[in-house]
>>> print(open('run_26.tsv').read())   # TSV, C-alpha atoms and all ligand atoms
chain	number	residue	atom	x	y	z
K	1	MET	CA	0.00	0.00	0.00
K	2	ASN	CA	1.22	3.49	-0.70
K	3	GLU	CA	-0.48	6.76	0.06
K	4	LYS	CA	-0.97	9.52	-2.45
K	5	THR	CA	-2.34	12.98	-2.02
K	6	MET	CA	-4.38	14.53	-4.83
K	7	THR	CA	-5.79	17.93	-5.49
K	8	VAL	CA	-9.54	18.31	-6.04
K	9	GLU	CA	-8.99	18.51	-9.84
K	10	GLU	CA	-6.84	15.38	-9.87
K	11	ALA	CA	-9.40	13.50	-7.78
K	12	GLN	CA	-12.23	14.45	-10.08
K	13	HIS	CA	-10.18	13.49	-13.12
K	14	PHE	CA	-9.35	10.17	-11.47
K	15	GLU	CA	-13.02	9.49	-10.79
K	16	GLN	CA	-13.88	10.30	-14.38
K	17	ILE	CA	-11.30	7.84	-15.66
K	18	LEU	CA	-12.71	5.14	-13.39
K	19	ARG	CA	-16.16	5.77	-14.81
K	20	GLU	CA	-15.47	6.29	-18.47
K	21	GLU	CA	-12.80	3.85	-19.47
K	22	SER	CA	-13.58	3.40	-23.18
K	23	ILE	CA	-13.76	-0.14	-24.48
K	24	CYS	CA	-13.49	0.95	-28.13
K	25	THR	CA	-10.09	-0.53	-28.77
K	26	ASN	CA	-8.99	-3.01	-31.43
K	27	GLU	CA	-8.80	-5.97	-29.08
K	28	ASN	CA	-12.49	-5.52	-28.20
K	29	LEU	CA	-13.68	-5.10	-31.80
K	30	VAL	CA	-16.36	-7.74	-32.49
K	31	PHE	CA	-17.96	-6.34	-35.65
K	32	GLU	CA	-16.15	-4.30	-38.23
K	33	VAL	CA	-17.08	-2.95	-41.61
K	34	PRO	CA	-15.60	-5.41	-44.14
K	35	ASP	CA	-12.52	-4.33	-46.15
K	36	THR	CA	-14.17	-5.43	-49.38
K	37	LEU	CA	-16.87	-2.77	-48.88
K	38	THR	CA	-15.56	0.55	-50.21
K	39	ASP	CA	-15.85	3.82	-48.28
K	40	ASN	CA	-18.36	5.23	-50.77
K	41	THR	CA	-21.75	6.23	-49.41
K	42	MET	CA	-24.33	3.95	-51.03
K	43	HIS	CA	-26.90	5.58	-53.28
K	44	TYR	CA	-29.71	3.31	-52.04
K	45	CYS	CA	-32.77	4.75	-50.32
K	46	PRO	CA	-32.76	4.72	-46.49
K	47	GLY	CA	-33.42	1.22	-45.16
K	48	CYS	CA	-33.03	-0.58	-48.52
K	49	GLY	CA	-32.03	-4.25	-48.29
K	50	HIS	CA	-29.55	-3.95	-51.18
K	51	GLY	CA	-27.08	-2.40	-48.73
K	52	VAL	CA	-27.22	-5.32	-46.29
K	53	ALA	CA	-26.89	-7.78	-49.19
K	54	HIS	CA	-23.76	-5.97	-50.42
K	55	ARG	CA	-22.23	-5.93	-46.96
K	56	ILE	CA	-22.69	-9.65	-46.30
K	57	ILE	CA	-21.15	-10.49	-49.68
K	58	ALA	CA	-18.16	-8.33	-48.70
K	59	GLU	CA	-17.96	-10.03	-45.29
K	60	VAL	CA	-17.89	-13.48	-46.90
K	61	ILE	CA	-15.19	-12.42	-49.39
K	62	ASP	CA	-13.10	-11.09	-46.49
K	63	GLU	CA	-13.59	-14.22	-44.39
K	64	LEU	CA	-12.68	-16.56	-47.25
K	65	ASP	CA	-9.82	-14.21	-48.21
K	66	ILE	CA	-10.81	-14.28	-51.90
K	67	GLN	CA	-10.96	-10.57	-52.69
K	68	LYS	CA	-8.39	-10.88	-55.49
K	69	ASP	CA	-10.06	-13.98	-56.91
K	70	THR	CA	-13.70	-12.92	-57.01
K	71	ILE	CA	-15.51	-11.44	-60.02
K	72	GLY	CA	-19.05	-10.09	-59.72
K	73	VAL	CA	-21.54	-9.23	-62.43
K	74	ALA	CA	-23.87	-6.31	-61.69
K	75	PRO	CA	-27.36	-6.15	-63.22
K	76	VAL	CA	-29.53	-3.36	-64.52
K	77	GLY	CA	-31.71	-2.19	-61.67
K	78	CYS	CA	-31.05	-0.21	-58.50
K	79	SER	CA	-27.89	-2.27	-57.92
K	80	VAL	CA	-26.42	-1.36	-61.34
K	81	LEU	CA	-23.70	0.54	-59.45
K	82	ALA	CA	-22.79	-2.35	-57.13
K	83	TYR	CA	-19.18	-2.06	-58.33
K	84	ASN	CA	-18.94	1.29	-56.54
K	85	TYR	CA	-19.38	-0.52	-53.23
K	86	LEU	CA	-17.74	-3.91	-53.70
K	87	ASN	CA	-13.99	-3.57	-53.99
K	88	ILE	CA	-13.51	-6.50	-56.37
K	89	ASP	CA	-13.34	-6.98	-60.13
K	90	MET	CA	-16.81	-6.51	-61.56
K	91	SER	CA	-18.52	-6.37	-64.90
K	92	GLY	CA	-21.81	-4.87	-65.92
K	93	ALA	CA	-24.30	-6.78	-68.05
K	94	ALA	CA	-27.17	-5.82	-70.30
K	95	HIS	CA	-30.55	-6.02	-68.56
K	96	GLY	CA	-31.25	-9.63	-67.57
K	97	ARG	CA	-28.06	-11.04	-69.07
K	98	ALA	CA	-25.88	-11.19	-65.94
K	99	ALA	CA	-26.02	-15.00	-65.69
K	100	ALA	CA	-24.85	-15.31	-69.33
K	101	VAL	CA	-22.00	-12.85	-68.74
K	102	ALA	CA	-21.04	-14.71	-65.55
K	103	THR	CA	-21.04	-17.96	-67.55
K	104	GLY	CA	-18.53	-16.50	-70.02
K	105	ILE	CA	-16.27	-15.15	-67.27
K	106	LYS	CA	-16.27	-18.43	-65.36
K	107	ARG	CA	-15.54	-20.52	-68.45
K	108	VAL	CA	-12.55	-18.35	-69.37
K	109	LEU	CA	-11.33	-17.99	-65.78
K	110	PRO	CA	-12.44	-21.22	-64.04
K	111	ASP	CA	-10.25	-20.59	-60.99
K	112	LYS	CA	-12.07	-17.37	-60.10
K	113	TYR	CA	-15.11	-17.17	-57.83
K	114	VAL	CA	-17.85	-15.76	-60.07
K	115	PHE	CA	-21.26	-14.50	-59.04
K	116	SER	CA	-24.09	-12.47	-60.52
K	117	TYR	CA	-26.23	-10.11	-58.43
K	118	GLN	CA	-29.70	-9.55	-59.92
K	119	GLY	CA	-33.07	-8.05	-59.06
K	120	ASP	CA	-36.40	-9.72	-59.74
K	121	GLY	CA	-37.13	-7.63	-62.82
K	122	ASP	CA	-33.68	-8.40	-64.16
K	123	LEU	CA	-33.57	-12.11	-63.31
K	124	ALA	CA	-37.20	-13.19	-63.56
K	125	ALA	CA	-38.63	-10.95	-66.29
K	126	ILE	CA	-36.32	-9.75	-69.07
K	127	GLY	CA	-33.64	-12.30	-68.11
K	128	THR	CA	-35.83	-15.38	-67.61
K	129	GLY	CA	-34.25	-17.20	-70.55
K	130	GLU	CA	-30.65	-16.60	-69.45
K	131	THR	CA	-31.50	-17.50	-65.87
K	132	ILE	CA	-33.18	-20.80	-66.72
K	133	HIS	CA	-30.58	-21.93	-69.23
K	134	THR	CA	-27.63	-20.97	-67.03
K	135	CYS	CA	-29.21	-22.97	-64.19
K	136	ASN	CA	-30.03	-25.84	-66.53
K	137	ARG	CA	-26.44	-26.01	-67.79
K	138	GLY	CA	-25.27	-26.13	-64.20
K	139	GLU	CA	-22.64	-23.44	-64.64
K	140	ASN	CA	-20.28	-23.39	-61.69
K	141	ILE	CA	-21.30	-19.91	-60.52
K	142	LEU	CA	-23.35	-18.29	-57.76
K	143	ILE	CA	-26.51	-16.35	-58.62
K	144	ILE	CA	-27.68	-13.92	-55.92
K	145	PHE	CA	-31.31	-13.00	-56.52
K	146	ILE	CA	-32.66	-9.88	-54.82
K	147	ASN	CA	-36.44	-10.26	-54.69
K	148	ASN	CA	-38.19	-7.07	-53.60
K	149	GLY	CA	-41.35	-7.80	-55.60
K	150	ILE	CA	-41.05	-4.69	-57.75
K	151	TYR	CA	-39.04	-2.79	-60.35
K	152	GLY	CA	-37.27	-0.48	-57.91
K	153	MET	CA	-35.05	1.53	-60.21
K	154	THR	CA	-37.68	2.57	-62.71
K	155	GLY	CA	-40.24	3.74	-60.19
K	156	GLY	CA	-42.24	0.79	-58.95
K	157	GLN	CA	-43.72	-1.14	-61.87
K	158	MET	CA	-45.12	-4.64	-61.33
K	159	ALA	CA	-42.53	-7.44	-61.39
K	160	PRO	CA	-43.14	-11.16	-62.00
K	161	THR	CA	-42.71	-11.56	-58.23
K	162	THR	CA	-45.22	-8.86	-57.20
K	163	LEU	CA	-47.71	-10.40	-54.76
K	164	VAL	CA	-51.39	-10.89	-55.57
K	165	GLY	CA	-53.25	-7.71	-54.66
K	166	MET	CA	-50.05	-5.71	-54.33
K	167	LYS	CA	-50.26	-2.23	-55.83
K	168	SER	CA	-47.65	-0.94	-58.23
K	169	THR	CA	-47.65	1.78	-60.87
K	170	THR	CA	-48.67	-0.80	-63.50
K	171	SER	CA	-51.14	-2.63	-61.22
K	172	PRO	CA	-52.68	0.40	-59.51
K	173	PHE	CA	-55.65	-1.61	-58.23
K	174	GLY	CA	-53.46	-4.47	-57.06
K	175	ARG	CA	-52.12	-7.48	-58.95
K	176	ASP	CA	-55.00	-9.42	-60.46
K	177	VAL	CA	-54.24	-13.07	-61.24
K	178	GLU	CA	-56.75	-13.34	-64.04
K	179	THR	CA	-55.21	-10.62	-66.16
K	180	MET	CA	-51.63	-10.50	-64.83
K	181	GLY	CA	-50.88	-14.07	-63.85
K	182	ALA	CA	-49.78	-15.38	-60.48
K	183	PRO	CA	-46.49	-14.32	-58.87
K	184	LEU	CA	-43.62	-16.35	-60.28
K	185	LYS	CA	-41.70	-18.47	-57.80
K	186	ILE	CA	-38.68	-18.71	-60.05
K	187	THR	CA	-36.50	-20.08	-57.26
K	188	GLU	CA	-38.72	-23.15	-56.84
K	189	LEU	CA	-38.79	-23.44	-60.63
K	190	ILE	CA	-35.03	-23.52	-61.16
K	191	ALA	CA	-34.64	-25.90	-58.20
K	192	GLN	CA	-36.33	-28.53	-60.43
K	193	LEU	CA	-33.49	-28.36	-62.95
K	194	PRO	CA	-30.81	-31.05	-62.63
K	195	GLY	CA	-28.08	-28.42	-63.19
K	196	THR	CA	-28.68	-26.62	-59.89
K	197	TYR	CA	-26.76	-27.85	-56.87
K	198	TYR	CA	-27.81	-25.67	-53.94
K	199	VAL	CA	-30.93	-23.48	-53.98
K	200	THR	CA	-32.06	-21.53	-50.94
K	201	ARG	CA	-34.21	-18.57	-49.94
K	202	THR	CA	-33.07	-16.10	-47.30
K	203	ALA	CA	-33.92	-12.58	-46.11
K	204	VAL	CA	-32.09	-9.69	-44.45
K	205	ASN	CA	-34.89	-8.15	-42.38
K	206	SER	CA	-33.64	-9.28	-38.94
K	207	PRO	CA	-30.25	-9.98	-37.36
K	208	ASN	CA	-30.82	-13.74	-37.47
K	209	ASN	CA	-31.94	-13.76	-41.08
K	210	VAL	CA	-28.87	-11.68	-42.00
K	211	ARG	CA	-26.66	-14.34	-40.37
K	212	LYS	CA	-28.40	-17.11	-42.33
K	213	ALA	CA	-28.20	-15.24	-45.65
K	214	LYS	CA	-24.50	-14.70	-45.10
K	215	ALA	CA	-23.98	-18.38	-44.26
K	216	ALA	CA	-25.76	-19.37	-47.52
K	217	ILE	CA	-23.48	-17.12	-49.60
K	218	LYS	CA	-20.42	-18.48	-47.83
K	219	LYS	CA	-21.50	-22.07	-48.42
K	220	SER	CA	-22.11	-21.31	-52.10
K	221	PHE	CA	-18.58	-19.98	-52.61
K	222	GLU	CA	-17.22	-23.05	-50.85
K	223	TYR	CA	-19.23	-25.30	-53.20
K	224	GLN	CA	-17.97	-23.30	-56.16
K	225	LYS	CA	-14.40	-23.99	-55.09
K	226	LEU	CA	-15.26	-27.70	-55.15
K	227	ASN	CA	-16.79	-27.35	-58.67
K	228	LYS	CA	-20.17	-28.50	-57.40
K	229	GLY	CA	-22.24	-26.53	-59.90
K	230	LEU	CA	-24.78	-23.78	-59.77
K	231	CYS	CA	-25.74	-22.25	-56.43
K	232	PHE	CA	-28.71	-19.92	-56.21
K	233	VAL	CA	-29.36	-17.71	-53.18
K	234	GLU	CA	-32.57	-15.70	-53.18
K	235	ILE	CA	-32.68	-12.80	-50.73
K	236	VAL	CA	-36.19	-11.47	-50.09
K	237	THR	CA	-35.82	-7.74	-49.54
K	238	ASN	CA	-37.81	-4.55	-49.19
K	239	CYS	CA	-38.24	-1.49	-51.37
K	240	PRO	CA	-39.46	1.16	-48.95
K	241	SER	CA	-39.61	3.86	-51.62
K	242	ASN	CA	-41.79	2.04	-54.14
K	243	TRP	CA	-43.79	0.15	-51.55
K	244	LYS	CA	-44.50	3.68	-50.26
K	245	MET	CA	-43.59	2.81	-46.69
K	246	THR	CA	-41.04	3.80	-44.08
K	247	PRO	CA	-38.14	1.36	-43.73
K	248	LEU	CA	-39.66	-0.02	-40.51
K	249	GLU	CA	-43.10	-0.45	-42.08
K	250	SER	CA	-41.56	-2.14	-45.11
K	251	ASN	CA	-39.76	-4.73	-43.00
K	252	LYS	CA	-42.96	-5.46	-41.11
K	253	TRP	CA	-44.88	-5.76	-44.38
K	254	LEU	CA	-42.18	-8.06	-45.74
K	255	GLU	CA	-42.52	-10.33	-42.75
K	256	GLU	CA	-46.31	-10.42	-42.87
K	257	ASN	CA	-46.82	-10.64	-46.64
K	258	MET	CA	-43.67	-11.59	-48.56
K	259	LEU	CA	-42.36	-14.33	-46.28
K	260	PRO	CA	-45.59	-16.37	-46.08
K	261	PHE	CA	-45.62	-16.54	-49.91
K	262	TYR	CA	-41.84	-16.81	-50.26
K	263	PRO	CA	-40.96	-19.07	-47.31
K	264	LEU	CA	-37.37	-19.05	-46.14
K	265	GLY	CA	-35.11	-22.08	-46.12
K	266	ASP	CA	-33.32	-24.51	-48.41
K	267	ILE	CA	-35.28	-25.52	-51.50
K	268	LYS	CA	-32.64	-27.85	-52.90
K	269	LYS	CA	-30.07	-29.22	-50.52
K	270	PRO	CA	-26.89	-30.83	-51.80
K	271	SER	CA	-27.22	-34.60	-51.69
K	272	ASN	CA	-23.89	-35.35	-50.03
B	1	MET	CA	-20.04	-12.68	-12.24
B	2	ALA	CA	-18.17	-11.30	-15.24
B	3	LYS	CA	-19.96	-8.33	-16.74
B	4	VAL	CA	-20.26	-7.84	-20.51
B	5	LYS	CA	-19.93	-4.29	-21.67
B	6	GLY	CA	-20.44	-3.15	-25.23
B	7	ASP	CA	-20.09	-0.01	-27.25
B	8	ILE	CA	-20.57	1.06	-30.85
B	9	ILE	CA	-19.14	3.68	-33.18
B	10	ILE	CA	-21.46	4.98	-35.91
B	11	ASP	CA	-20.25	6.89	-38.96
B	12	ILE	CA	-23.01	9.50	-38.57
B	13	GLU	CA	-22.11	11.32	-41.80
B	14	LYS	CA	-23.19	8.22	-43.74
B	15	CYS	CA	-26.28	7.44	-41.64
B	16	LYS	CA	-29.62	7.76	-43.42
B	17	GLY	CA	-31.76	7.64	-40.28
B	18	CYS	CA	-33.69	4.51	-41.34
B	19	GLU	CA	-33.95	3.40	-37.67
B	20	LEU	CA	-33.61	-0.30	-38.51
B	21	CYS	CA	-30.72	-0.49	-36.03
B	22	ALA	CA	-32.75	1.10	-33.24
B	23	THR	CA	-35.58	-1.40	-33.77
B	24	ALA	CA	-33.16	-4.34	-33.76
B	25	CYS	CA	-31.48	-3.23	-30.52
B	26	PRO	CA	-32.68	-5.36	-27.59
B	27	GLN	CA	-31.39	-2.78	-25.13
B	28	ASP	CA	-33.18	0.24	-26.63
B	29	SER	CA	-29.84	2.02	-26.65
B	30	LEU	CA	-30.34	3.90	-29.91
B	31	GLU	CA	-32.46	6.82	-31.02
B	32	LEU	CA	-32.63	9.34	-33.85
B	33	SER	CA	-30.89	12.58	-33.05
B	34	ARG	CA	-32.72	15.88	-33.42
B	35	LYS	CA	-29.65	17.07	-35.30
B	36	ILE	CA	-28.97	16.34	-38.96
B	37	ASN	CA	-25.81	15.42	-40.87
B	38	SER	CA	-24.54	17.24	-43.95
B	39	LYS	CA	-26.82	15.16	-46.22
B	40	GLY	CA	-29.81	16.35	-44.20
B	41	TYR	CA	-30.60	13.05	-42.48
B	42	HIS	CA	-31.35	12.76	-38.79
B	43	TYR	CA	-28.71	10.32	-37.60
B	44	ILE	CA	-28.66	7.63	-34.95
B	45	VAL	CA	-27.09	8.24	-31.54
B	46	LYS	CA	-26.60	6.13	-28.47
B	47	ILE	CA	-28.87	7.39	-25.71
B	48	GLU	CA	-28.20	4.76	-23.04
B	49	ASP	CA	-24.99	3.37	-21.67
B	50	ASN	CA	-26.38	-0.19	-21.59
B	51	CYS	CA	-25.02	-1.62	-24.85
B	52	THR	CA	-23.99	-5.28	-24.58
B	53	GLY	CA	-22.15	-5.43	-27.91
B	54	CYS	CA	-24.62	-7.97	-29.33
B	55	THR	CA	-23.99	-6.67	-32.94
B	56	ASN	CA	-27.71	-6.69	-33.89
B	57	CYS	CA	-27.62	-3.05	-34.98
B	58	ALA	CA	-24.58	-3.57	-37.20
B	59	LEU	CA	-26.08	-6.70	-38.79
B	60	VAL	CA	-29.23	-4.95	-40.01
B	61	CYS	CA	-27.67	-1.58	-40.93
B	62	PRO	CA	-28.00	-1.26	-44.73
B	63	ASP	CA	-25.23	1.28	-44.93
B	64	GLY	CA	-22.49	-0.70	-43.20
B	65	ILE	CA	-21.49	2.09	-40.86
B	66	ILE	CA	-21.54	0.54	-37.37
B	67	LYS	CA	-18.54	-0.92	-35.57
B	68	VAL	CA	-19.20	-2.92	-32.42
B	69	TYR	CA	-16.94	-3.48	-29.41
B	70	ARG	CA	-17.43	-5.91	-26.57
B	71	LYS	CA	-15.49	-6.55	-23.43
B	72	THR	CA	-16.06	-9.04	-20.68
B	73	GLU	CA	-14.96	-7.22	-17.59
B	74	LYS	CA	-13.75	-9.02	-14.56
B	75	LYS	CA	-15.51	-7.77	-11.50
B	76	LYS	CA	-13.57	-4.70	-10.49
B	77	GLU	CA	-12.26	-4.26	-7.01
B	78	HIS	CA	-13.75	-1.23	-5.38
B	79	VAL	CA	-11.05	1.35	-5.83
B	80	ALA	CA	-12.41	4.57	-4.41
B	81	THR	CA	-15.56	6.57	-3.85
B	82	ILE	CA	-15.14	10.28	-4.07
B	83	GLN	CA	-17.95	12.46	-2.80
B	84	ASN	CA	-18.49	16.09	-1.97
B	85	VAL	CA	-14.83	16.94	-2.12
B	86	THR	CA	-14.13	20.37	-0.75
B	87	GLY	CA	-10.42	20.27	-0.05
B	88	ASP	CA	-7.40	18.07	-0.76
B	89	ILE	CA	-8.03	14.37	-0.10
B	90	THR	CA	-5.89	11.32	0.45
B	91	VAL	CA	-6.37	8.23	-1.72
B	92	THR	CA	-4.89	4.86	-0.89
B	93	VAL	CA	-3.80	2.89	-3.96
B	94	ASN	CA	-2.88	-0.80	-3.96
B	95	SER	CA	0.45	-1.35	-5.68
K	301	LIG	C1	-33.37	-3.46	-72.19
K	301	LIG	C2	-33.92	-2.65	-71.06
K	301	LIG	N1	-35.23	-2.68	-70.80
K	301	LIG	C3	-35.74	-1.96	-69.78
K	301	LIG	C4	-34.93	-1.19	-69.01
K	301	LIG	C5	-35.52	-0.38	-67.89
K	301	LIG	N2	-35.26	-0.93	-66.57
K	301	LIG	C6	-34.21	-0.55	-65.83
K	301	LIG	S1	-34.14	-1.30	-64.37
K	301	LIG	C7	-35.53	-2.20	-64.69
K	301	LIG	C8	-36.11	-3.17	-63.68
K	301	LIG	C9	-35.39	-3.21	-62.41
K	301	LIG	O1	-36.05	-4.02	-61.49
K	301	LIG	P1	-35.29	-5.12	-60.65
K	301	LIG	O2	-34.48	-5.98	-61.52
K	301	LIG	O3	-36.32	-5.81	-59.81
K	301	LIG	O4	-34.27	-4.31	-59.75
K	301	LIG	P2	-34.51	-3.39	-58.46
K	301	LIG	O5	-34.31	-2.00	-58.96
K	301	LIG	O6	-35.88	-3.65	-57.95
K	301	LIG	O7	-33.45	-3.79	-57.52
K	301	LIG	C10	-36.04	-1.88	-65.94
K	301	LIG	C11	-37.26	-2.46	-66.51
K	301	LIG	C12	-33.54	-1.18	-69.31
K	301	LIG	N3	-32.67	-0.46	-68.58
K	301	LIG	N4	-33.06	-1.90	-70.34
K	302	LIG	S1	-35.96	2.20	-55.15
K	302	LIG	FE1	-36.32	0.47	-53.78
K	302	LIG	S2	-34.78	-1.09	-54.35
K	302	LIG	FE2	-34.15	0.88	-55.24
K	302	LIG	S3	-32.73	1.77	-53.73
K	302	LIG	FE3	-34.77	2.61	-53.32
K	302	LIG	S4	-35.64	1.22	-51.79
K	302	LIG	FE4	-33.90	0.15	-52.72
K	303	LIG	S1	-24.57	-3.77	-30.12
K	303	LIG	FE1	-26.57	-4.59	-29.46
K	303	LIG	S2	-26.98	-3.57	-27.51
K	303	LIG	FE2	-25.34	-2.41	-28.49
K	303	LIG	S3	-26.39	-0.76	-29.59
K	303	LIG	FE3	-26.11	-2.44	-31.05
K	303	LIG	S4	-28.01	-3.64	-30.92
K	303	LIG	FE4	-27.94	-2.31	-29.10
K	304	LIG	S1	-29.40	1.23	-39.57
K	304	LIG	FE1	-27.54	2.35	-40.22
K	304	LIG	S2	-28.26	3.91	-41.68
K	304	LIG	FE2	-30.07	3.14	-40.58
K	304	LIG	S3	-30.34	4.57	-38.87
K	304	LIG	FE3	-29.09	2.88	-38.10
K	304	LIG	S4	-26.97	3.54	-38.40
K	304	LIG	FE4	-28.26	4.89	-39.65
K	305	MG	MG	-36.82	-5.55	-57.86
>>> encode(input="run_26.tsv", output="structure tokens")
Amino acid sequence: MNEKTMTVEEAQHFEQILREESICTNENLVFEVPDTLTDNTMHYCPGCGHGVAHRIIAEVIDELDIQKDTIGVAPVGCSVLAYNYLNIDMSGAAHGRAAAVATGIKRVLPDKYVFSYQGDGDLAAIGTGETIHTCNRGENILIIFINNGIYGMTGGQMAPTTLVGMKSTTSPFGRDVETMGAPLKITELIAQLPGTYYVTRTAVNSPNNVRKAKAAIKKSFEYQKLNKGLCFVEIVTNCPSNWKMTPLESNKWLEENMLPFYPLGDIKKPSN
Amino acid sequence: MAKVKGDIIIDIEKCKGCELCATACPQDSLELSRKINSKGYHYIVKIEDNCTGCTNCALVCPDGIIKVYRKTEKKKEHVATIQNVTGDITVTVNS
């Protein structure tokens, strides 16, 4: 024991240190922004699921340490500028053709990890042909399918995935099955094809769902390394702006309306 | 019992005030500030000192701007209580 005399100021300072010892130091860091995500501010609307989807892709690339070996293909849609946020080699593709472009890249550079990132308008409307045939050929790539049930970029037109009764600028009274057809579950459809290896549906509306979506992307890249064939990860997301809701309302609506119709979980599990 | 203490750092300039983090926080530690950033968005601030470092807020943040810290603190020995100090005081420190 040793005795020390302090002035009032020193004592108060000492007390403050005892109270406010910051824990924000590197050894206590448990969640950091992934390196593969650039510092650019994303152009997405507040609360948009595209941002979470980008971040988990970046986290997986960091964890697998494959930043130099990964090539992404961006679609036409709100995520057309994905290459501004993912610090990897990326290519653009004409609307709907991302799976075809990814096929070409993978065939020329088979050692690279190749994925396409596509919205529902891109993948399930204008790109239906490329999507189905790429899946049917069993190309050894990953397709990430962002299903927000609407054409986000162009101002909220009806998509093949728009729910029955859901209003959009081209279904102002709600989607009517008789005239507009039923919502297309393209993920279930491509799961039927022998070329697909792993097909799953995830979401990013809650912390747990974010963890599962990330795990599915990670698994898909691991399968790709083993040349297992086509992996398809759907991510059900929101579009607060065109659903005309706040971000919080949109996530609630997603849970109550999108997820019952698009149930989460594996649709085709690898056999081994 | 060991106590878990957490803290977060938010890049408020990039925050869009969507409040998804605040809703995901089991501790109700987060709230929109009355102030705005240079983009004009109300940004998120920590209003309580009860964060456990669970990472929920960072997982759901669409803009990837939250860093989370967590520390399991060993129960601290009582070091000193300083109250109503009016003059010089003497503190005994274990060494
Ligand atoms: C050949 C062609 N046709 C139409 C368009 C207009 N267009 C741009 S994005 C888009 C749909 C986007 O919807 P989605 O793929 O669901 O992406 P989101 O914005 O919802 O993420 C359309 C029709 C285009 N750019 N090119
Ligand atoms: S329009 Fe919809 S999908 Fe596009 S950035 Fe805004 S919220 Fe996201
Ligand atoms: S880490 Fe957990 S407790 Fe801390 S602010 Fe984020 S959600 Fe709340
Ligand atoms: S989730 Fe991110 S962008 Fe949204 S309010 Fe919280 S910190 Fe800001
Ligand atoms: Mg869409």
>>> interface_residues(input="run_26.tsv", of="chain B", to="chain K", cutoff="10 Å", atoms="only C-alpha atoms", output="compact mmCIF listing (two decimals) with C-alpha atoms, keeping the file's coordinate frame")
# COMPACT_ATOMS: atom_id res chain seq x y z
CA LYS B 5 -19.93 -4.29 -21.67
CA GLY B 6 -20.44 -3.15 -25.23
CA ASP B 7 -20.09 -0.01 -27.25
CA ILE B 8 -20.57 1.06 -30.85
CA ILE B 9 -19.14 3.68 -33.18
CA GLU B 13 -22.11 11.32 -41.80
CA LYS B 14 -23.19 8.22 -43.74
CA CYS B 15 -26.28 7.44 -41.64
CA LYS B 16 -29.62 7.76 -43.42
CA GLY B 17 -31.76 7.64 -40.28
CA CYS B 18 -33.69 4.51 -41.34
CA GLU B 19 -33.95 3.40 -37.67
CA LEU B 20 -33.61 -0.30 -38.51
CA CYS B 21 -30.72 -0.49 -36.03
CA THR B 23 -35.58 -1.40 -33.77
CA ALA B 24 -33.16 -4.34 -33.76
CA CYS B 25 -31.48 -3.23 -30.52
CA TYR B 41 -30.60 13.05 -42.48
CA GLY B 53 -22.15 -5.43 -27.91
CA CYS B 54 -24.62 -7.97 -29.33
CA THR B 55 -23.99 -6.67 -32.94
CA ASN B 56 -27.71 -6.69 -33.89
CA CYS B 57 -27.62 -3.05 -34.98
CA ALA B 58 -24.58 -3.57 -37.20
CA LEU B 59 -26.08 -6.70 -38.79
CA VAL B 60 -29.23 -4.95 -40.01
CA CYS B 61 -27.67 -1.58 -40.93
CA PRO B 62 -28.00 -1.26 -44.73
CA ASP B 63 -25.23 1.28 -44.93
CA GLY B 64 -22.49 -0.70 -43.20
CA ILE B 65 -21.49 2.09 -40.86
CA ILE B 66 -21.54 0.54 -37.37
CA LYS B 67 -18.54 -0.92 -35.57
CA VAL B 68 -19.20 -2.92 -32.42
CA TYR B 69 -16.94 -3.48 -29.41
CA ARG B 70 -17.43 -5.91 -26.57
CA LYS B 71 -15.49 -6.55 -23.43
CA THR B 72 -16.06 -9.04 -20.68
CA GLU B 73 -14.96 -7.22 -17.59
CA VAL B 79 -11.05 1.35 -5.83
CA ALA B 80 -12.41 4.57 -4.41
CA THR B 81 -15.56 6.57 -3.85
CA ILE B 82 -15.14 10.28 -4.07
CA GLN B 83 -17.95 12.46 -2.80
CA VAL B 85 -14.83 16.94 -2.12
CA THR B 86 -14.13 20.37 -0.75
CA GLY B 87 -10.42 20.27 -0.05
CA ASP B 88 -7.40 18.07 -0.76
CA ILE B 89 -8.03 14.37 -0.10
CA THR B 90 -5.89 11.32 0.45
CA VAL B 91 -6.37 8.23 -1.72
CA THR B 92 -4.89 4.86 -0.89
CA VAL B 93 -3.80 2.89 -3.96
CA ASN B 94 -2.88 -0.80 -3.96
CA SER B 95 0.45 -1.35 -5.68
>>> residues_around(input="run_26.tsv", residues="Pro194 of chain K", least_positions_apart="4", cutoff="9 Å", atoms="all atoms listed in the file", output="number ranges by chain")
K: 135-138, 190
>>> atom_distance(input="run_26.tsv", atom1="atom S4 of ligand LIG 302 (chain K)", atom2="atom CA of Asn242 of chain K")
6.6 Å
>>> closest_residue(input="run_26.tsv", among="B:Ala2, B:Cys51, B:Ile10, B:Ile36", to="ligand LIG 304 (chain K)", atoms="all atoms listed in the file")
B:Ile10
>>> axis_aligned_box(input="run_26.tsv", around="ligand LIG 301 (chain K)", padding_each_side="5 Å", output="lines of an AutoDock Vina configuration file")
center_x = -35.0
center_y = -3.2
center_z = -64.9
size_x = 14.6
size_y = 15.6
size_z = 24.7
>>> closest_residue(input="run_26.tsv", among="K:Val108, K:Leu142, K:Leu163, K:Ala182", to="Phe232 of chain K", atoms="all atoms listed in the file")
K:Leu142
>>> closest_residue(input="run_26.tsv", among="K:Ala99, K:Ala58, K:Ile146, K:Ala203", to="ligand MG 305 (chain K)", atoms="all atoms listed in the file")
K:Ile146
>>> residues_around(input="run_26.tsv", residues="Val45 of chain B", least_positions_apart="2", cutoff="7 Å", atoms="all atoms listed in the file", output="NGL selection string")
:B and (30-33 or 43 or 47)
>>> atom_distance(input="run_26.tsv", atom1="atom CA of Met158 of chain K", atom2="atom CA of Arg175 of chain K")
7.9 Å
>>> residues_around(input="run_26.tsv", residues="Val76 of chain K", least_positions_apart="6", cutoff="10 Å", atoms="all atoms listed in the file", output="VMD selection string")
chain K and resid 92 to 98 117 to 119 121 to 123 153
